[in-house]
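Below is one structure; the comments refer to it alone.
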Amino acid sequence: MKRRIVSLAVFCATVALPSIAQKPLNNGYPYTQVPFTSVKIAPNTFWGDRLKTAREVTVPLAFSKCQSEGRYENFVKAAHPSDQYDVSTFMGYSFDDTDVYKTIEGASYILQTYPDKKLQAYIDSVLTIVEAAQEPDGYLYTARTINPKKPHEWAGEKRWEKVEELSHELYNLGHMVDAACAHYQATGSTKFLDIAKRYADCVIREVGANPGQSTVVPGHQIAEMALARLYVLTGDKRYLDQAKYFLDYRGKTKIHDEYSQSDKPILEQDEAVGHAVRAGYMYAGIADVAALTNDSAYIKTIDRIWDNIVSKKYYLTGGVGALHWGEAFGANYELPNMTAYNETCAAIAQVYLNERMFLLHGDSKYIDCLERTLYNGVISGMSMDGGRFFYPNPLSSDGVYKFNADGTTTRQPWFGCACCPSNLSRFIPSIPGYLFGVKENNIYVNLFASNTSTIQVGDKEVELEETTQYPWNGDIEIKVTKSKAKDANLFIRIPGWVRNQVVPSDLYAYSDTQTPSYSVSLNGKKVEGDIDANKGYLPVKNIQKGDIIRIHFDMPVRTVAANKRVIDDKGKVAVERGPLVYCAEAADNQGEAVLRVIMNPKEQFSLIENYSIENKEAQGAAPFTVNAIRTNAQILKENGGKVEVKGLNLTLIPYYAWNHRGSNQMNVWFVKDLTALDK
């Protein structure tokens, strides 16, 4: 084993990698995502620190776990199958192969920000092992190949036999294809891409509606959007056709189950149901296929499902999946806090979905949702040091309820079912690809982060340099350092939280009377325009080299109330500032029971900049700073069998930062109207 893989000590030298041409991919969408390869996040910034942590801790940890947990060994065994192996005795899950694929995907994104020849060589050595496990016809599923006579208990006796239940053969394909596309984009090497294409070709031959094929669809979706991505990269329409088959035949095969969104054909679906990760991946796949085929029925389907999520099933943190049972969406307005599941993977899937909805419609409301999920529901799933992870992400904790699947109340260094850690290792490094969009001669500034970017507008390049301390304040400066494009325009997203809209529905609303303002200037001259007519964007027209665009968003502390039909939040308020949701944790409040906090009728908030939080999750981890919020509140306390109300100088921190001091009480929603609790 050790002879076949380059040492894990690969993350050091930074040398130039061979570059390949990077242009916006023709993915069928009216709007185009600027490739992650074209955006370089600045170091020592909010997202620069996250990328650095992913490079130095998260991805190396994921690779090390692939080795220590036997993920690589499974491929080695599959290359030398034997009747002596009882696969279920050493392979935890039939989708364990995906940990390898997802980690390679994340490492590939990292190669663009931190070129590293040794890391590239390490990935190549892993791919040598993966390739050796591939069967001659392209099939690559170690859970069966290791010993076809006694495969993993979830695999079934024959290929594809249990793919709609537990085998995850097509789920493995999806993650393999996604990783292979990223690896090719980052390195120009076709080694992984060729492996993935061979498996995809095998699936196309064997799975479908034609005579002699297995007429099944993925039990765990992701192959749909991965195959659409492979089509865009290769131009081979067979991959798009297969993705559409997987969607068209949903609800028409042997399994009809809400859990896997197969209870009815997708064109009849109008509500987000079942396993929230599977659902999110499928909805993203519907959007991809809709764009590539210009299928109006698909577009109407995904529009109404998205509306159901954001109007009735969306947590304030941007998470989804209310129920531990089935890791699933709940009923409409069923949004419990302490027992919320909100799987980290489901939040990542929501980012995928909302990005695609923007690419379809060009409306800033989708990026508003993406930003909310990203800054709250996603990054809460990983510790600041990058080495510990949450599976669920509840909105309150008593420090006792064991919300993690392994019976713990704190982030863990890994899980037996490692989908969330490995998913974070691939997602965080991809964040540069979400900052900008393009349509014709318009560049859409969607997310705000310090970066330098080279953006294709038509066949010309525009280079931008952006500096900001966002999300800590609302000041952003964008310099046009190069432009060969004529009549290029910047469309600046004016976030919903600036325009007094929590989410693009009536699920949440601001409960205070503040009216934040914003301003945009070009070379010192104020820019004005109709935001509503431009779907939440302010156009800055005809930018030229040397132009400086300055943006200011007021960023007051706001209080939020939920729709009255959300029973768990009745009579309560939450606190936000900018894109960040805040919470109170006992560790910042003298150990007080923050679940018993009552907000004052007229709150007054003060900002504490550079508030230090000790990171006790990992030995030797450095403390980190945030902007905290302080307010005068009250707390219910027991005294001699009586309940008293006492004053409390309440400190709140960004939700993503909670739990770094160990298990203790945490709360997002605070009682404000005691009378409402009795109604």
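Residues are referred to by chain and number: the chain letter is A, B, ... according to the order shown in the structure tokens, the number counts from 1 in that chain, and ligands are numbered separately from 1 in the order shown.
Of the residues in range 360-561 of chain A, those given alpha helix (DSSP H) by DSSP on the backbone are Leu360, His361, Ser364, Lys365, Tyr366, Ile367, Asp368, Cys369, Leu370, Glu371, Arg372, Cys419, Cys420, Pro421, Ser422, Asn423, Leu424, Ser425, Arg426 and Phe427 of chain A.
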field: Shell around Pro413 in chain A at 9 Å using only C-alpha atoms, local window under 2 positions removed, as an MDAnalysis selection string
entry: chainID A and resid 61 387:389 411 415 421 618
Serialized selection, N, CA and C atoms, as an mmCIF file, in the first residue's frame:
```cif
data_model
loop_
_atom_site.group_PDB
_atom_site.id
_atom_site.type_symbol
_atom_site.label_atom_id
_atom_site.label_comp_id
_atom_site.auth_asym_id
_atom_site.auth_seq_id
_atom_site.Cartn_x
_atom_site.Cartn_y
_atom_site.Cartn_z
ATOM 1 N N LEU A 61 -6.394 16.180 5.975
ATOM 2 C CA LEU A 61 -7.083 15.277 6.902
ATOM 3 C C LEU A 61 -7.929 14.267 6.141
ATOM 4 N N GLY A 387 -10.602 21.125 11.143
ATOM 5 C CA GLY A 387 -10.369 19.720 11.429
ATOM 6 C C GLY A 387 -11.475 18.991 12.170
ATOM 7 N N ARG A 388 -12.597 19.668 12.418
ATOM 8 C CA ARG A 388 -13.712 19.013 13.114
ATOM 9 C C ARG A 388 -15.015 19.437 12.445
ATOM 10 N N PHE A 389 -16.045 18.563 12.555
ATOM 11 C CA PHE A 389 -17.210 18.727 11.698
ATOM 12 C C PHE A 389 -18.517 18.409 12.421
ATOM 13 N N ARG A 411 -18.582 19.123 17.502
ATOM 14 C CA ARG A 411 -18.007 18.724 16.220
ATOM 15 C C ARG A 411 -17.034 17.578 16.439
ATOM 16 N N PHE A 415 -16.439 11.048 10.849
ATOM 17 C CA PHE A 415 -17.589 10.181 11.112
ATOM 18 C C PHE A 415 -17.419 8.902 10.297
ATOM 19 N N PRO A 421 -17.842 15.634 6.213
ATOM 20 C CA PRO A 421 -16.451 16.105 6.159
ATOM 21 C C PRO A 421 -15.862 16.096 4.752
ATOM 22 N N ALA A 618 -9.806 21.776 18.978
ATOM 23 C CA ALA A 618 -8.600 21.057 18.556
ATOM 24 C C ALA A 618 -7.428 21.510 19.416
#
```
With range 191-213 of chain A as the partner and 12 Å as the cut-off, tabulate the residues of range 67-186 of chain A that qualify, each row holding the nearest pair of atoms and their distance in Å to one decimal, using only C-alpha atoms, sorted by chain and rising number, as JSON lines.
```
{"residue": "A:Tyr101", "atom": "CA", "partner": "A:Phe192", "partner_atom": "CA", "distance": 9.8}
{"residue": "A:Ile104", "atom": "CA", "partner": "A:Phe192", "partner_atom": "CA", "distance": 9.8}
{"residue": "A:Glu105", "atom": "CA", "partner": "A:Phe192", "partner_atom": "CA", "distance": 10.5}
{"residue": "A:Ser108", "atom": "CA", "partner": "A:Phe192", "partner_atom": "CA", "distance": 11.3}
{"residue": "A:Gln120", "atom": "CA", "partner": "A:Lys191", "partner_atom": "CA", "distance": 11.8}
{"residue": "A:Ile123", "atom": "CA", "partner": "A:Phe192", "partner_atom": "CA", "distance": 9.6}
{"residue": "A:Asp124", "atom": "CA", "partner": "A:Lys191", "partner_atom": "CA", "distance": 8.0}
{"residue": "A:Ser125", "atom": "CA", "partner": "A:Lys191", "partner_atom": "CA", "distance": 10.8}
{"residue": "A:Val126", "atom": "CA", "partner": "A:Phe192", "partner_atom": "CA", "distance": 10.0}
{"residue": "A:Leu127", "atom": "CA", "partner": "A:Phe192", "partner_atom": "CA", "distance": 6.6}
{"residue": "A:Thr128", "atom": "CA", "partner": "A:Lys191", "partner_atom": "CA", "distance": 8.8}
{"residue": "A:Ile129", "atom": "CA", "partner": "A:Phe192", "partner_atom": "CA", "distance": 11.2}
{"residue": "A:Val130", "atom": "CA", "partner": "A:Ile195", "partner_atom": "CA", "distance": 8.4}
{"residue": "A:Glu131", "atom": "CA", "partner": "A:Ile195", "partner_atom": "CA", "distance": 6.5}
{"residue": "A:Ala132", "atom": "CA", "partner": "A:Ile195", "partner_atom": "CA", "distance": 9.9}
{"residue": "A:Ala133", "atom": "CA", "partner": "A:Ile195", "partner_atom": "CA", "distance": 10.3}
{"residue": "A:Gln134", "atom": "CA", "partner": "A:Ile195", "partner_atom": "CA", "distance": 7.8}
{"residue": "A:Glu135", "atom": "CA", "partner": "A:Tyr199", "partner_atom": "CA", "distance": 9.1}
{"residue": "A:Pro136", "atom": "CA", "partner": "A:Arg198", "partner_atom": "CA", "distance": 9.2}
{"residue": "A:Asp137", "atom": "CA", "partner": "A:Cys202", "partner_atom": "CA", "distance": 6.4}
{"residue": "A:Gly138", "atom": "CA", "partner": "A:Tyr199", "partner_atom": "CA", "distance": 4.5}
{"residue": "A:Tyr139", "atom": "CA", "partner": "A:Tyr199", "partner_atom": "CA", "distance": 5.2}
{"residue": "A:Leu140", "atom": "CA", "partner": "A:Tyr199", "partner_atom": "CA", "distance": 6.3}
{"residue": "A:Tyr141", "atom": "CA", "partner": "A:Tyr199", "partner_atom": "CA", "distance": 9.3}
{"residue": "A:Lys158", "atom": "CA", "partner": "A:Glu206", "partner_atom": "CA", "distance": 12.0}
{"residue": "A:Arg159", "atom": "CA", "partner": "A:Glu206", "partner_atom": "CA", "distance": 9.1}
{"residue": "A:Trp160", "atom": "CA", "partner": "A:Val207", "partner_atom": "CA", "distance": 8.0}
{"residue": "A:Glu161", "atom": "CA", "partner": "A:Val207", "partner_atom": "CA", "distance": 10.8}
{"residue": "A:Val163", "atom": "CA", "partner": "A:Val207", "partner_atom": "CA", "distance": 10.5}
{"residue": "A:Glu169", "atom": "CA", "partner": "A:Val203", "partner_atom": "CA", "distance": 9.6}
{"residue": "A:Leu170", "atom": "CA", "partner": "A:Val203", "partner_atom": "CA", "distance": 8.3}
{"residue": "A:Tyr171", "atom": "CA", "partner": "A:Ala200", "partner_atom": "CA", "distance": 11.7}
{"residue": "A:Asn172", "atom": "CA", "partner": "A:Tyr199", "partner_atom": "CA", "distance": 10.0}
{"residue": "A:Leu173", "atom": "CA", "partner": "A:Ala200", "partner_atom": "CA", "distance": 7.1}
{"residue": "A:Gly174", "atom": "CA", "partner": "A:Ala200", "partner_atom": "CA", "distance": 9.0}
{"residue": "A:His175", "atom": "CA", "partner": "A:Ala196", "partner_atom": "CA", "distance": 9.6}
{"residue": "A:Met176", "atom": "CA", "partner": "A:Ala196", "partner_atom": "CA", "distance": 6.1}
{"residue": "A:Val177", "atom": "CA", "partner": "A:Ala196", "partner_atom": "CA", "distance": 5.4}
{"residue": "A:Asp178", "atom": "CA", "partner": "A:Ala196", "partner_atom": "CA", "distance": 8.9}
{"residue": "A:Ala179", "atom": "CA", "partner": "A:Phe192", "partner_atom": "CA", "distance": 8.1}
{"residue": "A:Ala180", "atom": "CA", "partner": "A:Leu193", "partner_atom": "CA", "distance": 4.8}
{"residue": "A:Cys181", "atom": "CA", "partner": "A:Leu193", "partner_atom": "CA", "distance": 6.3}
{"residue": "A:Ala182", "atom": "CA", "partner": "A:Leu193", "partner_atom": "CA", "distance": 9.1}
{"residue": "A:His183", "atom": "CA", "partner": "A:Phe192", "partner_atom": "CA", "distance": 7.1}
{"residue": "A:Tyr184", "atom": "CA", "partner": "A:Leu193", "partner_atom": "CA", "distance": 6.6}
{"residue": "A:Gln185", "atom": "CA", "partner": "A:Leu193", "partner_atom": "CA", "distance": 9.9}
{"residue": "A:Ala186", "atom": "CA", "partner": "A:Phe192", "partner_atom": "CA", "distance": 11.7}
```
Could those residues be written to a file, using C-alpha atoms, as a short mmCIF file (atom, residue, chain, number, x, y, z; two decimals), in the first residue's frame?
```cif
data_model
loop_
_atom_site.label_atom_id
_atom_site.label_comp_id
_atom_site.auth_asym_id
_atom_site.auth_seq_id
_atom_site.Cartn_x
_atom_site.Cartn_y
_atom_site.Cartn_z
CA TYR A 101 -13.45 11.26 -5.17
CA ILE A 104 -9.61 14.80 -4.98
CA GLU A 105 -12.20 17.30 -6.17
CA SER A 108 -8.13 20.06 -7.48
CA GLN A 120 -0.63 17.04 -8.05
CA ILE A 123 -3.41 12.88 -6.58
CA ASP A 124 -1.92 11.14 -9.60
CA SER A 125 -0.67 8.29 -7.41
CA VAL A 126 -4.15 7.88 -5.90
CA LEU A 127 -5.67 7.82 -9.38
CA THR A 128 -3.28 4.99 -10.32
CA ILE A 129 -4.87 2.92 -7.56
CA VAL A 130 -8.40 3.93 -8.60
CA GLU A 131 -7.73 3.09 -12.23
CA ALA A 132 -6.40 -0.36 -11.35
CA ALA A 133 -9.72 -1.19 -9.66
CA GLN A 134 -11.77 -0.43 -12.78
CA GLU A 135 -13.21 -3.47 -14.50
CA PRO A 136 -12.48 -3.93 -18.23
CA ASP A 137 -15.92 -2.66 -19.28
CA GLY A 138 -15.57 0.50 -17.18
CA TYR A 139 -17.58 -0.55 -14.13
CA LEU A 140 -15.98 0.87 -10.99
CA TYR A 141 -17.65 -0.02 -7.70
CA LYS A 158 -26.24 -8.22 -9.60
CA ARG A 159 -25.19 -4.86 -10.93
CA TRP A 160 -27.84 -2.14 -10.50
CA GLU A 161 -30.15 -4.54 -8.64
CA VAL A 163 -29.39 1.01 -7.06
CA GLU A 169 -23.56 2.66 -7.62
CA LEU A 170 -24.86 5.71 -9.47
CA TYR A 171 -24.17 8.02 -6.52
CA ASN A 172 -20.55 6.86 -6.72
CA LEU A 173 -20.60 7.66 -10.44
CA GLY A 174 -21.84 11.18 -9.76
CA HIS A 175 -19.09 12.07 -7.32
CA MET A 176 -16.47 10.45 -9.55
CA VAL A 177 -17.56 12.50 -12.57
CA ASP A 178 -17.71 15.77 -10.61
CA ALA A 179 -14.21 15.18 -9.25
CA ALA A 180 -12.83 14.17 -12.63
CA CYS A 181 -14.16 17.33 -14.29
CA ALA A 182 -12.65 19.50 -11.56
CA HIS A 183 -9.33 17.66 -11.81
CA TYR A 184 -9.19 18.19 -15.56
CA GLN A 185 -10.08 21.88 -15.26
CA ALA A 186 -7.38 22.40 -12.62
#
```
message: Need the shell around Glu165 in chain A: protein/DNA/RNA residues with any atom at most 12 Å away, counting only C-alpha atoms. Skip same-chain ones fewer than 4 positions apart. Format as a ChimeraX atom specification?
response: /A:94,153-156,160-161,169-171,216-221,253-257,259-260,262
task: Could you give me, as a ChimeraX atom specification, the residues within 8 Å of Asp83 in chain A, counting only C-alpha atoms and dropping anything in the same chain fewer than 5 positions from it?
output: /A:147-150
Given the selection you just returned, output its residues as a file containing C-alpha atoms, formatted as a PDB file, in the first residue's frame.
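Saved file part.pdb follows:
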```pdb
ATOM      1  CA  ASN A 147     -15.751 -10.111  -4.318  1.00  0.00           C
ATOM      2  CA  PRO A 148     -18.753 -10.326  -6.676  1.00  0.00           C
ATOM      3  CA  LYS A 149     -19.854 -13.531  -4.938  1.00  0.00           C
ATOM      4  CA  LYS A 150     -20.127 -11.830  -1.571  1.00  0.00           C
TER       5      LYS A 150
END
```
message: For a quick check of understanding, using only C-alpha atoms, which of A:Val671, A:Ala78, A:Val438, A:Ala322 has the smallest distance to Asn600 in chain A?
response: A:Val671
